[in-house]
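Undergrad: Just data17.txt, nothing more (compact mmCIF, C-alpha atoms):
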```
# COMPACT_ATOMS: atom_id res chain seq x y z
CA MET A 117 -6.59 30.54 -17.71
CA ALA A 118 -4.14 33.41 -17.64
CA THR A 119 -2.07 34.35 -20.66
CA ARG A 120 1.51 33.61 -19.61
CA TRP A 121 4.01 36.25 -20.71
CA GLY A 122 7.74 36.12 -21.19
CA ILE A 123 9.64 39.40 -21.46
CA ALA A 124 12.65 39.75 -23.77
CA SER A 125 14.88 42.66 -22.67
CA ALA A 126 14.85 44.47 -19.34
CA GLY A 127 14.82 48.04 -20.63
CA MET A 128 12.53 50.98 -19.99
CA ILE A 129 9.71 50.01 -22.36
CA SER A 130 9.70 46.46 -20.96
CA HIS A 131 9.35 47.96 -17.48
CA ASP A 132 6.33 49.96 -18.62
CA PHE A 133 4.74 46.95 -20.31
CA VAL A 134 5.10 44.77 -17.22
CA ALA A 135 3.93 47.58 -14.93
CA ALA A 136 0.81 47.89 -17.08
CA LEU A 137 0.25 44.12 -17.00
CA ARG A 138 0.39 44.19 -13.21
CA THR A 139 -2.71 46.40 -13.16
CA LEU A 140 -4.74 43.71 -14.94
CA PRO A 141 -6.42 40.69 -13.28
CA SER A 142 -3.90 37.96 -12.44
CA ASN A 143 -6.26 35.32 -13.79
CA GLU A 144 -5.99 36.99 -17.22
CA HIS A 145 -2.32 38.01 -17.47
CA LYS A 146 0.72 36.60 -15.73
CA VAL A 147 4.41 37.42 -16.30
CA VAL A 148 6.35 34.23 -15.68
CA ALA A 149 9.87 35.03 -16.91
CA VAL A 150 12.21 37.77 -18.12
CA ALA A 151 15.48 37.56 -20.04
CA ALA A 152 18.27 40.05 -20.74
CA ARG A 153 21.75 39.76 -22.19
CA GLN A 154 23.15 40.15 -18.67
CA LEU A 155 21.73 37.85 -15.98
CA ASP A 156 22.12 40.46 -13.25
CA ARG A 157 19.88 42.89 -15.17
CA ALA A 158 17.28 40.19 -15.64
CA LYS A 159 17.39 39.30 -11.94
CA GLU A 160 17.05 42.94 -10.90
CA PHE A 161 14.07 43.35 -13.25
CA ALA A 162 12.49 40.16 -11.93
CA ASP A 163 12.92 41.34 -8.34
CA ASP A 164 11.39 44.73 -9.13
CA HIS A 165 8.33 43.14 -10.75
CA ASN A 166 7.99 39.95 -8.72
CA ILE A 167 8.66 37.70 -11.74
CA PRO A 168 9.41 34.04 -10.90
CA ALA A 169 12.17 33.34 -13.45
CA ALA A 170 15.09 35.39 -14.76
CA TYR A 171 17.42 34.33 -17.59
CA GLY A 172 20.72 35.63 -18.88
CA SER A 173 20.01 34.61 -22.47
CA TYR A 174 17.06 34.83 -24.84
CA GLN A 175 17.56 31.17 -25.73
CA ASP A 176 16.78 30.21 -22.13
CA LEU A 177 13.60 32.29 -22.34
CA ALA A 178 12.64 30.53 -25.57
CA ASN A 179 13.20 27.16 -23.87
CA ASP A 180 10.86 27.94 -20.95
CA PRO A 181 7.79 25.69 -21.40
CA ASN A 182 5.61 27.89 -19.18
CA ILE A 183 5.43 30.80 -21.63
CA ASP A 184 2.59 31.38 -24.11
CA VAL A 185 3.65 34.68 -25.67
CA VAL A 186 6.81 36.78 -25.58
CA TYR A 187 6.90 40.57 -25.50
CA ILE A 188 10.06 41.84 -27.20
CA GLY A 189 11.24 45.23 -26.01
CA ALA A 190 14.83 45.06 -27.28
CA ILE A 191 16.45 47.60 -29.62
CA HIS A 192 15.36 47.59 -33.26
CA PRO A 193 18.27 45.59 -34.79
CA GLN A 194 17.56 42.69 -32.44
CA HIS A 195 13.87 42.35 -33.28
CA LEU A 196 14.29 39.88 -36.13
CA SER A 197 16.67 37.49 -34.38
CA ILE A 198 14.80 37.41 -31.06
CA SER A 199 11.39 37.09 -32.74
CA LYS A 200 12.64 34.21 -34.90
CA LEU A 201 14.09 32.51 -31.84
CA MET A 202 10.76 32.68 -30.03
CA LEU A 203 8.70 31.57 -33.02
CA GLU A 204 11.03 28.63 -33.65
CA ALA A 205 10.48 27.64 -30.01
CA GLY A 206 6.70 27.70 -30.47
CA LYS A 207 6.04 31.00 -28.71
CA HIS A 208 3.60 33.66 -29.89
CA VAL A 209 5.24 37.08 -30.35
CA LEU A 210 4.37 40.70 -29.63
CA CYS A 211 7.35 42.70 -30.90
CA GLU A 212 7.92 46.41 -30.39
CA LYS A 213 7.82 48.77 -33.32
CA PRO A 214 9.40 48.94 -35.81
CA LEU A 215 8.80 45.25 -36.33
CA THR A 216 12.16 44.84 -38.11
CA MET A 217 14.79 46.98 -39.81
CA ASN A 218 13.41 46.68 -43.36
CA LEU A 219 10.81 45.05 -45.57
CA LYS A 220 12.98 42.01 -46.33
CA GLU A 221 13.23 41.17 -42.63
CA THR A 222 9.53 41.84 -42.06
CA LYS A 223 8.56 39.45 -44.85
CA GLU A 224 10.87 36.81 -43.39
CA LEU A 225 9.32 37.16 -39.95
CA VAL A 226 5.70 37.15 -41.15
CA THR A 227 6.39 34.10 -43.33
CA LEU A 228 7.91 32.20 -40.39
CA ALA A 229 4.98 33.04 -38.11
CA LYS A 230 2.52 31.77 -40.70
CA GLN A 231 4.54 28.60 -41.25
CA LYS A 232 4.61 27.95 -37.51
CA LYS A 233 0.92 28.90 -37.18
CA LEU A 234 1.79 31.31 -34.37
CA PHE A 235 0.50 34.76 -33.49
CA LEU A 236 2.70 37.70 -34.46
CA MET A 237 1.93 41.37 -33.91
CA GLU A 238 3.92 44.56 -34.32
CA ALA A 239 3.41 46.40 -31.06
CA VAL A 240 1.94 49.61 -32.45
CA TRP A 241 0.03 50.17 -29.21
CA SER A 242 -1.77 53.20 -30.63
CA ARG A 243 -4.05 50.92 -32.64
CA CYS A 244 -5.49 49.42 -29.44
CA PHE A 245 -6.50 52.67 -27.72
CA PRO A 246 -10.27 53.33 -27.45
CA ALA A 247 -9.79 56.64 -29.29
CA TYR A 248 -8.56 54.74 -32.34
CA ASP A 249 -11.54 52.38 -32.08
CA VAL A 250 -13.87 55.39 -32.17
CA LEU A 251 -12.06 56.96 -35.13
CA ARG A 252 -12.10 53.72 -37.14
CA LYS A 253 -15.85 53.33 -36.61
CA GLU A 254 -16.51 56.90 -37.74
CA LEU A 255 -14.35 56.41 -40.83
CA GLU A 256 -16.15 53.18 -41.69
CA ALA A 257 -19.50 54.89 -41.20
CA GLY A 258 -18.54 57.67 -43.61
CA THR A 259 -19.07 60.38 -41.00
CA LEU A 260 -16.32 62.53 -42.53
CA GLY A 261 -17.40 61.90 -46.10
CA ASP A 262 -14.67 61.21 -48.64
CA VAL A 263 -11.43 61.48 -46.69
CA ARG A 264 -8.85 63.30 -48.82
CA GLN A 265 -6.13 64.50 -46.46
CA VAL A 266 -4.20 63.24 -43.42
CA ILE A 267 -1.78 65.50 -41.55
CA VAL A 268 0.42 63.95 -38.85
CA ASN A 269 3.44 65.27 -36.98
CA LEU A 270 5.60 63.96 -34.17
CA GLY A 271 8.59 65.71 -32.69
CA ALA A 272 10.53 65.97 -29.43
CA PRO A 273 14.07 67.09 -28.51
CA ILE A 274 15.52 63.61 -28.05
CA GLN A 275 18.39 63.77 -30.55
CA ASP A 276 21.02 63.04 -27.87
CA MET A 277 19.55 59.67 -26.86
CA ASP A 278 21.74 56.75 -27.97
CA ARG A 279 18.86 54.79 -29.51
CA ILE A 280 17.98 57.86 -31.58
CA LYS A 281 21.41 59.03 -32.76
CA GLN A 282 23.40 55.79 -33.16
CA LYS A 283 23.20 53.92 -36.45
CA ASP A 284 24.25 50.58 -34.91
CA LEU A 285 21.25 50.80 -32.56
CA GLY A 286 18.85 51.38 -35.44
CA GLY A 287 18.64 55.09 -34.69
CA GLY A 288 16.86 57.74 -36.69
CA ALA A 289 13.60 59.66 -36.66
CA ILE A 290 11.91 57.56 -39.34
CA MET A 291 12.39 54.23 -37.59
CA ASP A 292 11.68 55.45 -34.07
CA MET A 293 8.99 58.11 -34.59
CA GLY A 294 8.00 57.83 -38.21
CA VAL A 295 6.29 54.50 -37.65
CA TYR A 296 3.60 56.28 -35.60
CA CYS A 297 2.89 58.76 -38.39
CA LEU A 298 3.00 56.10 -41.10
CA GLN A 299 0.71 53.72 -39.24
CA PHE A 300 -1.87 56.49 -38.90
CA ALA A 301 -1.86 57.22 -42.63
CA VAL A 302 -2.10 53.49 -43.39
CA MET A 303 -5.00 53.10 -40.96
CA VAL A 304 -6.94 55.89 -42.69
CA PHE A 305 -6.06 55.19 -46.33
CA GLY A 306 -5.63 51.41 -46.17
CA ALA A 307 -2.75 48.96 -46.41
CA ARG A 308 -1.48 50.07 -49.82
CA LEU A 309 1.48 52.00 -51.15
CA PRO A 310 0.98 55.58 -52.35
CA ASP A 311 1.49 56.19 -56.04
CA HIS A 312 4.03 58.95 -55.38
CA ILE A 313 6.26 59.57 -52.36
CA VAL A 314 8.54 62.53 -51.72
CA ALA A 315 10.70 62.65 -48.59
CA LEU A 316 13.39 65.02 -47.38
CA GLY A 317 15.38 65.23 -44.18
CA HIS A 318 18.67 65.94 -42.45
CA LEU A 319 21.29 63.42 -41.31
CA ASN A 320 23.39 63.53 -38.16
CA SER A 321 27.11 62.79 -38.01
CA GLN A 322 26.44 59.04 -37.91
CA GLY A 323 24.32 59.11 -41.05
CA VAL A 324 20.88 58.64 -39.55
CA ASP A 325 17.99 61.05 -39.93
CA SER A 326 17.43 63.62 -37.21
CA ASP A 327 14.27 64.82 -38.95
CA ALA A 328 12.20 64.10 -42.03
CA ALA A 329 9.14 65.30 -43.87
CA ALA A 330 7.18 63.30 -46.41
CA ILE A 331 4.24 63.60 -48.78
CA LEU A 332 2.36 60.43 -49.66
CA ASN A 333 0.26 61.04 -52.76
CA TYR A 334 -2.43 58.61 -53.93
CA ASN A 335 -3.87 58.71 -57.45
CA ASP A 336 -7.43 58.62 -56.09
CA GLY A 337 -7.03 62.14 -54.75
CA LYS A 338 -5.78 61.32 -51.26
CA THR A 339 -2.69 62.82 -49.64
CA ALA A 340 -0.84 62.36 -46.37
CA THR A 341 1.70 64.90 -45.12
CA LEU A 342 4.01 63.72 -42.35
CA SER A 343 6.61 65.51 -40.24
CA ILE A 344 8.98 63.95 -37.70
CA ASN A 345 11.72 65.67 -35.75
CA THR A 346 14.12 64.68 -32.97
CA ASN A 347 15.40 68.25 -32.46
CA VAL A 348 12.25 70.19 -31.58
CA SER A 349 8.77 69.59 -30.24
CA LEU A 350 5.92 69.53 -32.75
CA PRO A 351 2.15 69.72 -32.05
CA ASN A 352 2.14 65.89 -32.03
CA GLU A 353 -1.38 65.50 -33.36
CA ALA A 354 -3.08 63.68 -36.21
CA ILE A 355 -5.77 65.27 -38.37
CA VAL A 356 -8.14 63.63 -40.85
CA LEU A 357 -9.96 65.84 -43.36
CA GLY A 358 -12.95 64.71 -45.39
CA THR A 359 -15.59 66.30 -47.61
CA LYS A 360 -18.09 66.36 -44.71
CA GLY A 361 -15.74 67.51 -41.97
CA SER A 362 -12.67 66.63 -39.97
CA ALA A 363 -11.44 64.56 -37.06
CA LYS A 364 -8.44 65.09 -34.84
CA VAL A 365 -6.50 62.93 -32.44
CA PRO A 366 -4.87 65.55 -30.18
CA TYR A 367 -1.53 65.34 -28.40
CA PRO A 368 -0.37 62.72 -27.76
CA PHE A 369 -1.91 61.15 -30.86
CA TRP A 370 0.04 57.91 -30.39
CA SER A 371 -1.46 57.30 -26.92
CA PRO A 372 -4.58 59.47 -26.75
CA SER A 373 -7.28 59.88 -24.15
CA GLU A 374 -9.65 61.75 -26.45
CA VAL A 375 -10.65 62.18 -30.08
CA VAL A 376 -12.44 65.06 -31.81
CA ILE A 377 -15.07 64.12 -34.41
CA LEU A 378 -16.71 67.00 -36.32
CA ASP A 379 -15.72 69.43 -33.53
CA LYS A 380 -17.21 67.16 -30.85
CA THR A 381 -14.65 66.04 -28.27
CA ILE A 382 -15.06 62.49 -27.01
CA GLN A 383 -13.24 61.87 -23.74
CA LEU A 384 -11.81 58.39 -23.23
CA PRO A 385 -9.92 58.48 -19.91
CA LEU A 386 -7.06 56.03 -19.43
CA PRO A 387 -7.13 53.58 -16.50
CA LYS A 388 -6.02 55.07 -13.21
CA THR A 389 -2.98 53.57 -11.52
CA SER A 390 -0.33 54.34 -8.91
CA HIS A 391 2.37 52.49 -10.86
CA LYS A 392 5.35 54.49 -12.11
CA PHE A 393 6.06 54.60 -15.84
CA ASN A 394 8.91 55.85 -18.02
CA TYR A 395 6.82 57.03 -20.94
CA LEU A 396 3.72 59.16 -21.34
CA ASN A 397 0.41 57.26 -20.94
CA SER A 398 2.14 53.86 -20.74
CA ILE A 399 -0.77 52.55 -18.70
CA GLY A 400 -2.41 52.35 -22.13
CA LEU A 401 -0.25 49.29 -22.83
CA VAL A 402 -3.05 47.36 -21.11
CA TYR A 403 -5.14 47.82 -24.27
CA GLU A 404 -2.44 46.17 -26.36
CA ALA A 405 -1.99 43.30 -23.90
CA ASN A 406 -5.73 42.67 -23.83
CA GLU A 407 -5.83 42.70 -27.64
CA VAL A 408 -3.16 39.98 -27.72
CA ARG A 409 -5.03 37.87 -25.17
CA ASP A 410 -8.30 38.31 -27.07
CA CYS A 411 -6.66 37.24 -30.35
CA LEU A 412 -5.05 34.18 -28.75
CA LYS A 413 -8.37 33.12 -27.20
CA LYS A 414 -9.97 33.36 -30.64
CA GLY A 415 -7.16 31.39 -32.26
CA LEU A 416 -6.12 34.31 -34.49
CA LEU A 417 -2.61 34.48 -35.92
CA GLU A 418 -2.70 38.26 -36.37
CA SER A 419 -4.59 41.18 -34.89
CA PRO A 420 -7.31 42.80 -36.99
CA LYS A 421 -6.23 46.09 -35.39
CA MET A 422 -2.63 45.72 -36.64
CA THR A 423 -2.43 43.21 -39.47
CA HIS A 424 0.61 41.60 -41.07
CA LYS A 425 -0.20 43.35 -44.34
CA GLU A 426 -0.17 46.73 -42.61
CA SER A 427 3.18 45.95 -40.97
CA MET A 428 4.64 45.06 -44.37
CA VAL A 429 3.30 48.25 -46.00
CA ILE A 430 4.64 50.36 -43.12
CA SER A 431 7.99 48.59 -43.36
CA GLU A 432 8.18 49.27 -47.10
CA LEU A 433 7.26 52.91 -46.55
CA GLU A 434 10.04 53.19 -43.97
CA ASP A 435 12.46 51.74 -46.54
CA ILE A 436 11.36 54.24 -49.20
CA LEU A 437 11.55 57.23 -46.89
CA ARG A 438 14.98 56.20 -45.60
CA LYS A 439 16.30 55.70 -49.13
CA GLN A 440 15.13 59.14 -50.23
CA VAL A 441 16.55 60.81 -47.13
CA GLY A 442 19.81 58.85 -47.45
CA VAL A 443 19.81 56.42 -44.53
CA LYS A 444 21.19 52.90 -44.98
CA TYR A 445 21.69 50.33 -42.23
CA LEU A 446 23.93 47.27 -42.22
CA GLN A 447 20.75 45.17 -42.50
CA ASP A 448 20.00 46.78 -45.88
CA ILE A 449 23.21 45.55 -47.47
```
Let me see the file written as structure tokens.

TA:
Amino acid sequence: MATRWGIASAGMISHDFVAALRTLPSNEHKVVAVAARQLDRAKEFADDHNIPAAYGSYQDLANDPNIDVVYIGAIHPQHLSISKLMLEAGKHVLCEKPLTMNLKETKELVTLAKQKKLFLMEAVWSRCFPAYDVLRKELEAGTLGDVRQVIVNLGAPIQDMDRIKQKDLGGGAIMDMGVYCLQFAVMVFGARLPDHIVALGHLNSQGVDSDAAAILNYNDGKTATLSINTNVSLPNEAIVLGTKGSAKVPYPFWSPSEVVILDKTIQLPLPKTSHKFNYLNSIGLVYEANEVRDCLKKGLLESPKMTHKESMVISELEDILRKQVGVKYLQDI
């Protein structure tokens, strides 16, 4: 039986997610409804993607009995309210990163999902790419020896985009880009807080960070150095250094088609498609969708590739970095 998807928000990332789903077998994945705050946008999206039902409110989507799991592609500040609405209605949830605006909200959401015995996953799609599977196996096997250093950077000139520069939209480099760097460090060093964190950055006129750099220092000799920037392009790669050698996830490290282990490049081509996407390598969203389906079939309430504990650690790290850089949202008050 196909996993029946509902889509919350008709924006660009939702388009890419649905376009990716359409490349998968219809007996495995089926999009049955979409909702947006304006009914006309939902109807246009439904027409574009051949979706049977379109709603002008998220409540109507939550009330649809034909939906198993809801993908939430709305802006960051709406993640908590829409996710809670879907969970309260008995729907499983895959919510775009960052899962919420702060640790308090993340704890609230994870607690509700557990109470309802429903699946909840932060949509850090990177974790589901085959390149990440290869890297995790090599780390577990000790191929790199004792891993002591992680270096990750992500930057692009996107400072003029509303979702990046506006505080009321949850803007800022840390929340939009930093999650990718933080999740990588957490994947390598485990779901734990560093013993010392130092972060610096610059704020735009609205008081959100246009760039930031951070050092995560662990007392067991491990260090992660992270750089994020919305003004300039960075190498956009992730490097892991151990006592026996190194590994690298080249550009784009958040949606890679290869990984380098001890100077050996392993090619992992993405699925081929003629569908049009808004973002680089969005066809890779099929890996995330299949992970959700696999977890639901197994009766899991969280993905082993992106656990609730990891989401909470990442959320707390985002809070700490924002506080040190000087970013405060309405949700923090």

Undergrad: With a distance cut-off of 8 Å and only C-alpha atoms, select the neighbouring residues of Phe300 (chain A), excluding the residue or stretch itself and same-chain residues fewer than 4 positions from it, and output the selection as a list in words.

TA: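 Answer for this query is Val268, Tyr296, Val304 and Ala354 of chain A.
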
Undergrad: Using all atoms listed in the file, which residue out of A:Ser199, A:Asp435, A:Val240, A:Tyr445 lies closest to Ser419 (chain A)?

TA: A:Val240

Undergrad: Give me, as a VMD selection string, all polymer residues having an atom no more than 9 Å from Gly323 (chain A), counting all atoms listed in the file and skipping those fewer than 5 positions away in the same chain.

TA: chain A and resid 281 to 283 288 318 442 to 444

Undergrad: So that I have them on file, write out the residues from the current selection with C-alpha atoms, as a compact mmCIF listing (two decimals), keeping the file's coordinate frame.

TA:
```txt
# COMPACT_ATOMS: atom_id res chain seq x y z
CA LYS A 281 21.41 59.03 -32.76
CA GLN A 282 23.40 55.79 -33.16
CA LYS A 283 23.20 53.92 -36.45
CA GLY A 288 16.86 57.74 -36.69
CA HIS A 318 18.67 65.94 -42.45
CA GLY A 442 19.81 58.85 -47.45
CA VAL A 443 19.81 56.42 -44.53
CA LYS A 444 21.19 52.90 -44.98
```

Undergrad: Quote the spacing between CA of Val314 (chain A) and CA of Lys439 (chain A) in Å to one decimal place.

TA: 10.7 Å

Undergrad: Counting all atoms listed in the file, figure out which residue out of A:Ala126, A:Val365, A:Val295, A:Ile355 gets nearest to Asp163 (chain A).

TA: A:Ala126

Undergrad: Rounded to one decimal in Å, what is the spacing between CA of Gly172 (chain A) and CA of Ala135 (chain A)?

TA: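 Straight-line distance from CA of Gly172 (chain A) to CA of Ala135 (chain A) works out to 21.0 Å.
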
Undergrad: Could I get the residues of region 220-325 of chain A with an atom no further than 10 Å from an atom of region 401-412 of chain A, each paired with its nearest atom pair and that distance in Å to one decimal, using all atoms listed in the file, sorted by chain and residue number, as a tab-separated table?

TA:
```
residue	atom	partner	partner_atom	distance
A:Leu234	CA	A:Leu412	CA	9.3
A:Phe235	CA	A:Leu412	CA	7.3
A:Leu236	CA	A:Val408	CA	9.2
A:Met237	CA	A:Val408	CA	8.1
A:Ala239	CA	A:Glu404	CA	7.5
A:Val240	CA	A:Glu404	CA	8.3
A:Trp241	CA	A:Glu404	CA	5.5
A:Ser242	CA	A:Glu404	CA	8.3
A:Arg243	CA	A:Glu404	CA	8.0
A:Cys244	CA	A:Glu404	CA	5.4
A:Phe245	CA	A:Tyr403	CA	6.1
A:Pro246	CA	A:Tyr403	CA	8.2
```

Undergrad: I'd like the neighbourhood of Thr341 (chain A) as a list in words, where a residue qualifies if any of its atoms comes within 7 Å (using all atoms listed in the file), though same-chain residues fewer than 2 positions away should be ignored.

TA: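 Those residues are Val266, Ile267, Val268, Ala330, Ile331, Leu332, Thr339 and Ser343 of chain A.
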
Undergrad: Please compute the CA of Met303 (chain A)-CA of Val441 (chain A) distance, one decimal, in Å.

TA: 23.7 Å

Undergrad: What's the 8 Å shell around Trp121 (chain A), counting only C-alpha atoms, without same-chain residues fewer than 5 positions away, as a ChimeraX atom specification?

TA: /A:145-149,183-187

Undergrad: Which residues come within 10 Å of Thr139 (chain A), counting all atoms listed in the file, excluding same-chain residues fewer than 5 positions away, as a list in words?

TA: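 The neighbour list is Val134, His145, Pro387, Lys388, Thr389, Ser390, His391, Ile399 and Val402 of chain A.
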